[in-house]
>>> print(open('target.cif').read())   # mmCIF, C-alpha atoms
data_work
#
loop_
_atom_site.label_atom_id
_atom_site.label_comp_id
_atom_site.auth_asym_id
_atom_site.auth_seq_id
_atom_site.Cartn_x
_atom_site.Cartn_y
_atom_site.Cartn_z
CA MET A 155 -4.26 -24.54 1.94
CA LEU A 156 -7.31 -22.33 1.43
CA ILE A 157 -5.48 -19.28 2.78
CA GLU A 158 -2.40 -19.92 0.61
CA VAL A 159 -4.60 -19.96 -2.51
CA ALA A 160 -7.27 -17.41 -1.54
CA LEU A 161 -4.87 -14.71 -0.33
CA PRO A 162 -2.85 -14.29 -3.53
CA LEU A 163 -5.96 -14.67 -5.69
CA SER A 164 -7.76 -11.99 -3.68
CA LEU A 165 -4.77 -9.67 -3.92
CA ALA A 166 -4.52 -10.35 -7.65
CA PHE A 167 -8.15 -9.31 -8.09
CA ILE A 168 -7.53 -6.14 -6.07
CA MET A 169 -4.61 -5.29 -8.37
CA PHE A 170 -6.75 -6.20 -11.40
CA SER A 171 -9.30 -3.64 -10.23
CA LEU A 172 -6.56 -1.02 -10.21
CA GLY A 173 -5.66 -1.69 -13.84
CA TYR A 174 -9.37 -1.93 -14.69
CA GLY A 175 -9.81 1.68 -13.64
CA LEU A 176 -6.87 2.98 -15.69
CA THR A 177 -6.74 4.46 -19.16
CA PRO A 178 -3.74 5.32 -21.37
CA ALA A 179 -4.38 8.97 -20.45
CA ASP A 180 -3.59 8.18 -16.82
CA PHE A 181 -0.06 7.15 -17.74
CA GLY A 182 0.18 10.17 -20.01
CA ARG A 183 -0.01 12.31 -16.89
CA VAL A 184 3.56 11.26 -16.13
CA PHE A 185 4.54 13.75 -18.83
CA SER A 186 1.85 16.36 -18.18
CA MET A 187 2.60 16.67 -14.45
CA PRO A 188 6.16 15.31 -14.09
CA LYS A 189 6.99 17.19 -10.88
CA ALA A 190 4.00 15.79 -9.00
CA VAL A 191 4.56 12.25 -10.29
CA LEU A 192 8.31 12.20 -9.57
CA ALA A 193 7.76 13.69 -6.12
CA GLY A 194 5.11 11.09 -5.33
CA ILE A 195 7.31 8.21 -6.50
CA PHE A 196 10.32 9.42 -4.50
CA LEU A 197 8.30 10.01 -1.34
CA GLN A 198 6.65 6.60 -1.47
CA VAL A 199 9.59 4.46 -2.56
CA ILE A 200 12.35 6.19 -0.57
CA ALA A 201 10.93 8.48 2.11
CA VAL A 202 8.30 6.14 3.57
CA PRO A 203 10.76 3.31 4.43
CA VAL A 204 13.22 5.87 5.83
CA VAL A 205 10.57 7.40 8.09
CA ALA A 206 9.45 3.91 9.20
CA PHE A 207 13.05 2.99 10.01
CA LEU A 208 13.48 6.15 12.09
CA ALA A 209 10.16 5.51 13.87
CA LEU A 210 11.32 2.03 14.85
CA MET A 211 14.38 3.61 16.46
CA VAL A 212 11.99 5.51 18.74
CA PHE A 213 9.40 2.77 19.36
CA GLU A 214 10.84 -0.53 20.52
CA LEU A 215 9.08 -3.54 19.02
CA PRO A 216 9.81 -7.27 19.01
CA PRO A 217 11.99 -8.16 15.97
CA ALA A 218 9.23 -9.93 14.02
CA LEU A 219 6.78 -7.04 14.44
CA ALA A 220 9.43 -4.45 13.59
CA PHE A 221 10.20 -6.41 10.44
CA GLY A 222 6.48 -6.48 9.65
CA VAL A 223 6.27 -2.70 9.97
CA MET A 224 9.14 -2.33 7.51
CA LEU A 225 7.45 -4.77 5.09
CA LEU A 226 4.35 -2.58 5.21
CA SER A 227 6.42 0.56 4.51
CA PHE A 228 7.80 -1.03 1.34
CA CYS A 229 4.29 -1.45 -0.14
CA PRO A 230 2.60 1.03 -2.53
CA GLY A 231 -0.71 2.76 -1.84
CA GLY A 232 -3.18 0.37 -3.44
CA VAL A 233 -6.81 0.91 -4.42
CA THR A 234 -7.61 2.24 -0.93
CA SER A 235 -5.46 5.32 -1.47
CA ASN A 236 -7.39 6.09 -4.68
CA ILE A 237 -10.71 5.87 -2.84
CA LEU A 238 -9.53 8.05 0.04
CA THR A 239 -8.07 10.61 -2.39
CA LYS A 240 -11.45 10.91 -4.07
CA LEU A 241 -13.22 11.18 -0.71
CA VAL A 242 -11.20 14.19 0.47
CA GLY A 243 -11.05 16.03 -2.86
CA GLY A 244 -7.52 15.19 -3.96
CA THR A 245 -6.37 14.72 -7.55
CA VAL A 246 -7.72 11.23 -8.30
CA ALA A 247 -5.98 10.89 -11.69
CA LEU A 248 -2.61 11.57 -10.05
CA SER A 249 -3.39 9.08 -7.28
CA ILE A 250 -4.23 6.31 -9.75
CA THR A 251 -1.11 7.05 -11.81
CA LEU A 252 1.17 7.00 -8.76
CA THR A 253 -0.38 3.82 -7.39
CA ALA A 254 0.05 2.04 -10.72
CA ILE A 255 3.66 3.12 -11.25
CA VAL A 256 4.81 2.40 -7.68
CA SER A 257 2.98 -0.94 -7.71
CA LEU A 258 4.91 -1.95 -10.83
CA LEU A 259 8.19 -0.68 -9.35
CA SER A 260 7.55 -2.70 -6.18
CA VAL A 261 8.25 -5.89 -8.13
CA LEU A 262 11.90 -4.75 -8.15
CA THR A 263 12.19 -2.65 -4.99
CA VAL A 264 10.39 -4.80 -2.41
CA PRO A 265 12.44 -8.03 -2.75
CA LEU A 266 15.70 -6.08 -2.41
CA LEU A 267 14.47 -4.09 0.59
CA ILE A 268 13.24 -7.30 2.23
CA ILE A 269 16.79 -8.71 2.29
CA TRP A 270 18.08 -5.63 4.09
CA ALA A 271 15.19 -5.52 6.57
CA ALA A 272 15.41 -9.24 7.37
CA GLY A 273 19.09 -8.91 8.20
CA ARG A 274 18.56 -5.70 10.18
CA TYR A 275 15.62 -6.84 12.32
CA LEU A 276 15.64 -10.63 12.37
CA GLY A 277 19.37 -11.36 12.23
CA GLU A 278 20.11 -15.07 12.50
CA ALA A 279 16.40 -15.80 12.93
CA ALA A 280 15.67 -14.45 9.44
CA PRO A 281 14.23 -17.00 7.03
CA GLU A 282 16.11 -17.65 3.83
CA VAL A 283 14.94 -14.97 1.41
CA ASP A 284 14.77 -16.03 -2.22
CA VAL A 285 14.80 -12.71 -4.06
CA THR A 286 14.04 -14.29 -7.43
CA SER A 287 11.10 -16.28 -6.10
CA ILE A 288 9.61 -13.29 -4.27
CA GLY A 289 10.13 -11.08 -7.33
CA ILE A 290 8.38 -13.58 -9.59
CA SER A 291 5.54 -14.05 -7.09
CA MET A 292 5.07 -10.29 -6.76
CA PHE A 293 5.10 -9.93 -10.52
CA ALA A 294 2.39 -12.58 -10.74
CA ILE A 295 0.12 -11.02 -8.11
CA THR A 296 0.69 -7.33 -8.89
CA ALA A 297 2.04 -6.49 -12.34
CA VAL A 298 0.22 -9.21 -14.28
CA PRO A 299 -3.26 -8.46 -12.86
CA VAL A 300 -2.76 -4.73 -13.43
CA ALA A 301 -1.75 -5.44 -17.03
CA ILE A 302 -4.78 -7.69 -17.53
CA GLY A 303 -7.05 -5.01 -16.09
CA LEU A 304 -5.53 -2.46 -18.48
CA LEU A 305 -6.02 -4.82 -21.42
CA VAL A 306 -9.66 -5.50 -20.58
CA ARG A 307 -10.28 -1.77 -20.16
CA PHE A 308 -8.66 -1.11 -23.55
CA LEU A 309 -10.50 -3.90 -25.42
CA LYS A 310 -13.89 -3.52 -23.69
CA ALA A 311 -13.97 0.13 -22.65
CA ASP A 312 -17.78 0.48 -22.57
CA PHE A 313 -18.20 -2.69 -20.50
CA ALA A 314 -15.38 -1.64 -18.16
CA ILE A 315 -16.93 1.77 -17.56
CA ARG A 316 -20.30 0.18 -16.74
CA THR A 317 -18.82 -2.38 -14.32
CA GLU A 318 -15.94 -0.37 -12.82
CA LYS A 319 -17.83 0.51 -9.62
CA THR A 320 -18.84 -3.13 -9.10
CA VAL A 321 -15.28 -4.35 -9.58
CA SER A 322 -14.02 -1.68 -7.18
CA LEU A 323 -16.60 -2.69 -4.58
CA ILE A 324 -15.61 -6.36 -4.83
CA ALA A 325 -11.95 -5.38 -4.46
CA THR A 326 -12.76 -3.36 -1.34
CA LEU A 327 -14.71 -6.27 0.17
CA LEU A 328 -11.83 -8.65 -0.56
CA PHE A 329 -9.47 -6.25 1.18
CA VAL A 330 -11.69 -6.29 4.28
CA VAL A 331 -11.77 -10.11 4.20
CA ILE A 332 -7.96 -10.35 3.91
CA VAL A 333 -7.46 -8.07 6.92
CA ALA A 334 -10.09 -9.95 8.94
CA VAL A 335 -8.56 -13.36 8.17
CA ALA A 336 -5.08 -12.10 9.10
CA LEU A 337 -6.34 -10.81 12.43
CA ILE A 338 -8.40 -13.89 13.24
CA SER A 339 -5.54 -16.24 12.32
CA ASN A 340 -3.26 -14.45 14.78
CA TRP A 341 -5.81 -13.20 17.31
CA PRO A 342 -3.84 -13.99 20.51
CA LEU A 343 -0.77 -12.28 19.07
CA PHE A 344 -2.91 -9.34 17.91
CA ILE A 345 -4.31 -8.84 21.41
CA ALA A 346 -0.85 -9.12 22.93
CA SER A 347 0.77 -6.67 20.50
CA ILE A 348 -1.93 -4.05 19.83
CA GLY A 349 -0.68 -1.93 22.74
CA GLN A 350 2.76 -1.80 21.13
CA LEU A 351 1.71 -1.64 17.49
CA GLY A 352 -1.11 0.88 17.85
CA PRO A 353 1.04 3.91 18.80
CA VAL A 354 3.66 3.03 16.17
CA LEU A 355 1.24 2.60 13.28
CA ILE A 356 -1.00 5.53 14.18
CA GLY A 357 1.97 7.82 14.77
CA LEU A 358 3.62 6.71 11.54
CA ASN A 359 0.40 7.22 9.59
CA LEU A 360 -0.09 10.74 10.95
CA LEU A 361 3.55 11.70 10.39
CA LEU A 362 3.57 10.46 6.80
CA LEU A 363 0.35 12.28 5.96
CA LEU A 364 1.78 15.52 7.32
CA LEU A 365 5.17 15.06 5.66
CA GLY A 366 3.48 14.31 2.34
CA MET A 367 1.43 17.49 2.47
CA CYS A 368 4.38 19.64 3.61
CA SER A 369 6.66 18.16 0.93
CA ALA A 370 4.07 18.92 -1.74
CA ALA A 371 3.70 22.49 -0.45
CA LEU A 372 7.48 22.99 -0.54
CA LEU A 373 7.49 21.79 -4.15
CA GLY A 374 4.81 24.33 -5.04
CA LEU A 375 2.11 21.75 -5.78
CA LYS A 376 -1.47 22.92 -5.41
CA GLY A 377 -3.78 21.78 -2.63
CA SER A 378 -5.52 18.92 -4.45
CA ASP A 379 -2.19 17.49 -5.65
CA GLY A 380 -0.80 17.90 -2.15
CA LEU A 381 -3.73 15.96 -0.68
CA CYS A 382 -3.13 13.17 -3.19
CA ILE A 383 0.59 12.91 -2.50
CA SER A 384 -0.06 13.01 1.23
CA ILE A 385 -2.43 10.04 1.00
CA GLU A 386 -0.13 8.11 -1.36
CA MET A 387 2.66 8.61 1.17
CA GLY A 388 0.56 7.90 4.25
CA VAL A 389 -1.59 4.99 3.03
CA GLN A 390 0.09 1.67 2.27
CA ASN A 391 -1.35 -1.45 0.64
CA ALA A 392 -2.09 -3.55 3.73
CA ALA A 393 -3.29 -6.51 1.65
CA LEU A 394 0.02 -6.60 -0.22
CA GLY A 395 1.87 -6.31 3.10
CA ILE A 396 0.07 -9.40 4.38
CA ALA A 397 0.80 -11.31 1.17
CA VAL A 398 4.48 -10.31 1.14
CA ALA A 399 4.82 -11.45 4.76
CA GLY A 400 3.54 -14.85 3.66
CA LEU A 401 6.01 -14.98 0.78
CA VAL A 402 8.88 -14.25 3.15
CA ALA A 403 7.81 -16.71 5.86
CA GLN A 404 7.17 -19.52 3.35
CA THR A 405 4.93 -21.27 5.86
CA GLY A 406 1.27 -22.24 5.94
CA GLY A 407 -1.27 -19.69 7.11
CA ILE A 408 -0.61 -16.02 7.79
CA PRO A 409 2.63 -15.37 9.69
CA GLU A 410 3.50 -13.08 12.61
CA TYR A 411 5.17 -10.66 10.18
CA ALA A 412 1.71 -9.89 8.76
CA ILE A 413 0.25 -8.58 12.03
CA PRO A 414 1.39 -4.94 11.54
CA ALA A 415 -0.18 -4.84 8.07
CA ALA A 416 -3.42 -6.37 9.37
CA VAL A 417 -3.66 -3.90 12.26
CA TYR A 418 -2.80 -1.05 9.90
CA GLY A 419 -5.63 -2.15 7.61
CA ILE A 420 -7.96 -0.93 10.36
CA THR A 421 -6.09 1.99 11.92
CA MET A 422 -5.38 3.70 8.58
CA TYR A 423 -9.08 4.52 8.15
CA ILE A 424 -9.37 5.81 11.70
CA VAL A 425 -6.35 8.08 11.18
CA THR A 426 -6.45 9.02 7.51
CA ILE A 427 -10.04 10.16 7.01
CA PRO A 428 -10.19 12.75 9.84
CA GLY A 429 -6.51 13.57 9.30
CA MET A 430 -7.00 14.41 5.64
CA PHE A 431 -10.05 16.62 6.26
CA LEU A 432 -7.97 18.48 8.84
CA LEU A 433 -5.11 18.88 6.37
CA ARG A 434 -7.54 20.05 3.70
CA ALA A 435 -8.61 22.84 6.06
CA VAL A 436 -4.98 23.82 6.66
CA PHE A 437 -3.97 23.49 3.01
CA PRO A 438 -7.01 24.69 1.03
CA LYS A 439 -7.72 23.04 -2.29
CA GLY A 440 -6.30 25.15 -5.07
#
>>> encode(input="target.cif", output="structure tokens")
Amino acid sequence: MLIEVALPLSLAFIMFSLGYGLTPADFGRVFSMPKAVLAGIFLQVIAVPVVAFLALMVFELPPALAFGVMLLSFCPGGVTSNILTKLVGGTVALSITLTAIVSLLSVLTVPLLIIWAAGRYLGEAAPEVDVTSIGISMFAITAVPVAIGLLVRFLKADFAIRTEKTVSLIATLLFVVIVAVALISNWPLFIASIGQLGPVLIGLNLLLLLLGMCSAALLGLKGSDGLCISIEMGVQNAALGIAVAGLVAQTGGIPEYAIPAAVYGITMYIVTIPGMFLLRAVFPKG
């Protein structure tokens, strides 16, 4: 019972922290840099699941784990992508804007994609997917907290500016706790599947980072924007992936479907940080 309550509440706070760091000007960037924003949205919502699907045709995984990888690919970047973008010198404002927009879109896109993925990978073993219920749940744990964070930032701007770093730190710690609980809850399965999941998740992470940067370069976006789009494409919201897996399974605890997201919550740092500094050397900031 603790996990069922703590997991969505923790995710809701993480999403609140995203809205807490936003200003109206961030959304105004949709109009000031439309090419970068539209490219980022398309790459994350469409290209990432397509690449994950193709990767699963190369790497053979058990049905439940393959389904979990697809669930992860449906998720937006999250607060982590904003932090990593800042770390490597990408365009932070663009990262925050993309994360917010795709997170809000996920309320509509993720439930529909789940139906397809469940049928494709689980077949007759797929649990009954209630699109309406999942959509409402995702709205409650993503869109509503973001909106509340935005409202607090608007009404108490000075207070929000003073406490933004603290809120962000708490959100990061909660993310670490969510990943740790998911791994501990399924430790035997994690040990048994890490040999299979590791190459898939690391390879997918590297490929998406590279494709994001190359796509940005082809669109004529400058280096810092390219770094941002690359991270938004290559870094998914592992905490949301774990929560969505729970919504689909509709069982107590953290299900098998959540293992890929939990493993990815660790491997993405190992891959993304050195990978992005390498890409920054290849695609100089401009």
>>> atom_distance(input="target.cif", atom1="atom CA of A:Ile290", atom2="atom CA of A:Ala336")
23.1 Å
>>> residues_near_point(input="target.cif", point="(9.8, -12.9, 13.6)", cutoff="9 Å", atoms="all atoms listed in the file", output="list of chain:residue names")
A:Pro216, A:Pro217, A:Ala218, A:Leu219, A:Ala220, A:Phe221, A:Gly222, A:Tyr275, A:Leu276, A:Ala279, A:Ala280, A:Pro281, A:Ala403, A:Pro409, A:Glu410, A:Tyr411
>>> write_last_selection(input="target.cif", atoms="C-alpha atoms", output="PDB file, keeping the file's coordinate frame")
ATOM      1  CA  PRO A 216       9.810  -7.270  19.010  1.00  0.00           C
ATOM      2  CA  PRO A 217      11.990  -8.160  15.970  1.00  0.00           C
ATOM      3  CA  ALA A 218       9.230  -9.930  14.020  1.00  0.00           C
ATOM      4  CA  LEU A 219       6.780  -7.040  14.440  1.00  0.00           C
ATOM      5  CA  ALA A 220       9.430  -4.450  13.590  1.00  0.00           C
ATOM      6  CA  PHE A 221      10.200  -6.410  10.440  1.00  0.00           C
ATOM      7  CA  GLY A 222       6.480  -6.480   9.650  1.00  0.00           C
ATOM      8  CA  TYR A 275      15.620  -6.840  12.320  1.00  0.00           C
ATOM      9  CA  LEU A 276      15.640 -10.630  12.370  1.00  0.00           C
ATOM     10  CA  ALA A 279      16.400 -15.800  12.930  1.00  0.00           C
ATOM     11  CA  ALA A 280      15.670 -14.450   9.440  1.00  0.00           C
ATOM     12  CA  PRO A 281      14.230 -17.000   7.030  1.00  0.00           C
ATOM     13  CA  ALA A 403       7.810 -16.710   5.860  1.00  0.00           C
ATOM     14  CA  PRO A 409       2.630 -15.370   9.690  1.00  0.00           C
ATOM     15  CA  GLU A 410       3.500 -13.080  12.610  1.00  0.00           C
ATOM     16  CA  TYR A 411       5.170 -10.660  10.180  1.00  0.00           C
TER      17      TYR A 411
END
>>> residues_around(input="target.cif", residues="A:Glu282", least_positions_apart="6", cutoff="10 Å", atoms="all atoms listed in the file", output="PDB file with C-alpha atoms, in the coordinates of the input")
ATOM      1  CA  ILE A 269      16.790  -8.710   2.290  1.00  0.00           C
ATOM      2  CA  ALA A 272      15.410  -9.240   7.370  1.00  0.00           C
ATOM      3  CA  VAL A 402       8.880 -14.250   3.150  1.00  0.00           C
ATOM      4  CA  ALA A 403       7.810 -16.710   5.860  1.00  0.00           C
ATOM      5  CA  GLN A 404       7.170 -19.520   3.350  1.00  0.00           C
TER       6      GLN A 404
END
>>> residues_around(input="target.cif", residues="A:Val306", least_positions_apart="3", cutoff="12 Å", atoms="only C-alpha atoms", output="ChimeraX atom specification")
/A:170-177,299-303,309-315,317-318
>>> closest_residue(input="target.cif", among="A:Phe196, A:Leu258, A:Ala393, A:Val246", to="A:Leu328", atoms="only C-alpha atoms")
A:Ala393
>>> atom_distance(input="target.cif", atom1="atom CA of A:Gly243", atom2="atom CA of A:Ala201")
23.8 Å
>>> closest_residue(input="target.cif", among="A:Ser339, A:Asn391, A:Ser378, A:Ser287", to="A:Ala254", atoms="all atoms listed in the file")
A:Asn391
>>> atom_distance(input="target.cif", atom1="atom CA of A:Ile255", atom2="atom CA of A:Ala435")
29.0 Å
>>> residues_near_point(input="target.cif", point="(-7.2, -10.4, 0.2)", cutoff="8 Å", atoms="all atoms listed in the file", output="list in words")
Ala160, Leu161, Pro162, Leu163, Ser164, Leu165, Ile168, Leu328, Phe329, Val330, Val331, Ile332, Val333 and Ala393 of chain A
>>> resolve_selection(input="target.cif", expression="the PyMOL selection byres ((chain A and resi 349-366) around 6)", output="mmCIF file with C-alpha atoms, keeping the file's coordinate frame")
data_model
loop_
_atom_site.group_PDB
_atom_site.id
_atom_site.type_symbol
_atom_site.label_atom_id
_atom_site.label_comp_id
_atom_site.auth_asym_id
_atom_site.auth_seq_id
_atom_site.Cartn_x
_atom_site.Cartn_y
_atom_site.Cartn_z
ATOM 1 C CA SER A 347 0.770 -6.670 20.500
ATOM 2 C CA ILE A 348 -1.930 -4.050 19.830
ATOM 3 C CA MET A 367 1.430 17.490 2.470
ATOM 4 C CA CYS A 368 4.380 19.640 3.610
ATOM 5 C CA SER A 369 6.660 18.160 0.930
ATOM 6 C CA ILE A 383 0.590 12.910 -2.500
ATOM 7 C CA SER A 384 -0.060 13.010 1.230
ATOM 8 C CA MET A 387 2.660 8.610 1.170
ATOM 9 C CA GLY A 388 0.560 7.900 4.250
#
>>> closest_residue(input="target.cif", among="A:Thr320, A:Gln390, A:Ser291, A:Thr251", to="A:Gln198", atoms="all atoms listed in the file")
A:Gln390
>>> resolve_selection(input="target.cif", expression="the PyMOL selection byres ((chain A and resi 259-267) around 6)", output="VMD selection string")
chain A and resid 228 256 to 258 268 to 270 285 289 292 to 293
>>> resolve_selection(input="target.cif", expression="the PyMOL selection byres ((chain A and resi 226) around 9)", output="list in words")
Pro203, Phe221, Gly222, Val223, Met224, Leu225, Ser227, Phe228, Cys229, Pro230, Gln390, Asn391, Ala392, Leu394, Gly395, Ile396, Val398, Ala399, Ala412, Pro414, Ala415 and Tyr418 of chain A
>>> closest_residue(input="target.cif", among="A:Val389, A:Ile195, A:Val425, A:Val205", to="A:Asn236", atoms="all atoms listed in the file")
A:Val389
>>> closest_residue(input="target.cif", among="A:Leu401, A:Cys382, A:Val283, A:Ala247", to="A:Leu433", atoms="all atoms listed in the file")
A:Cys382
>>> closest_residue(input="target.cif", among="A:Ile295, A:Ile420, A:Phe167, A:Lys189", to="A:Leu372", atoms="only C-alpha atoms")
A:Lys189
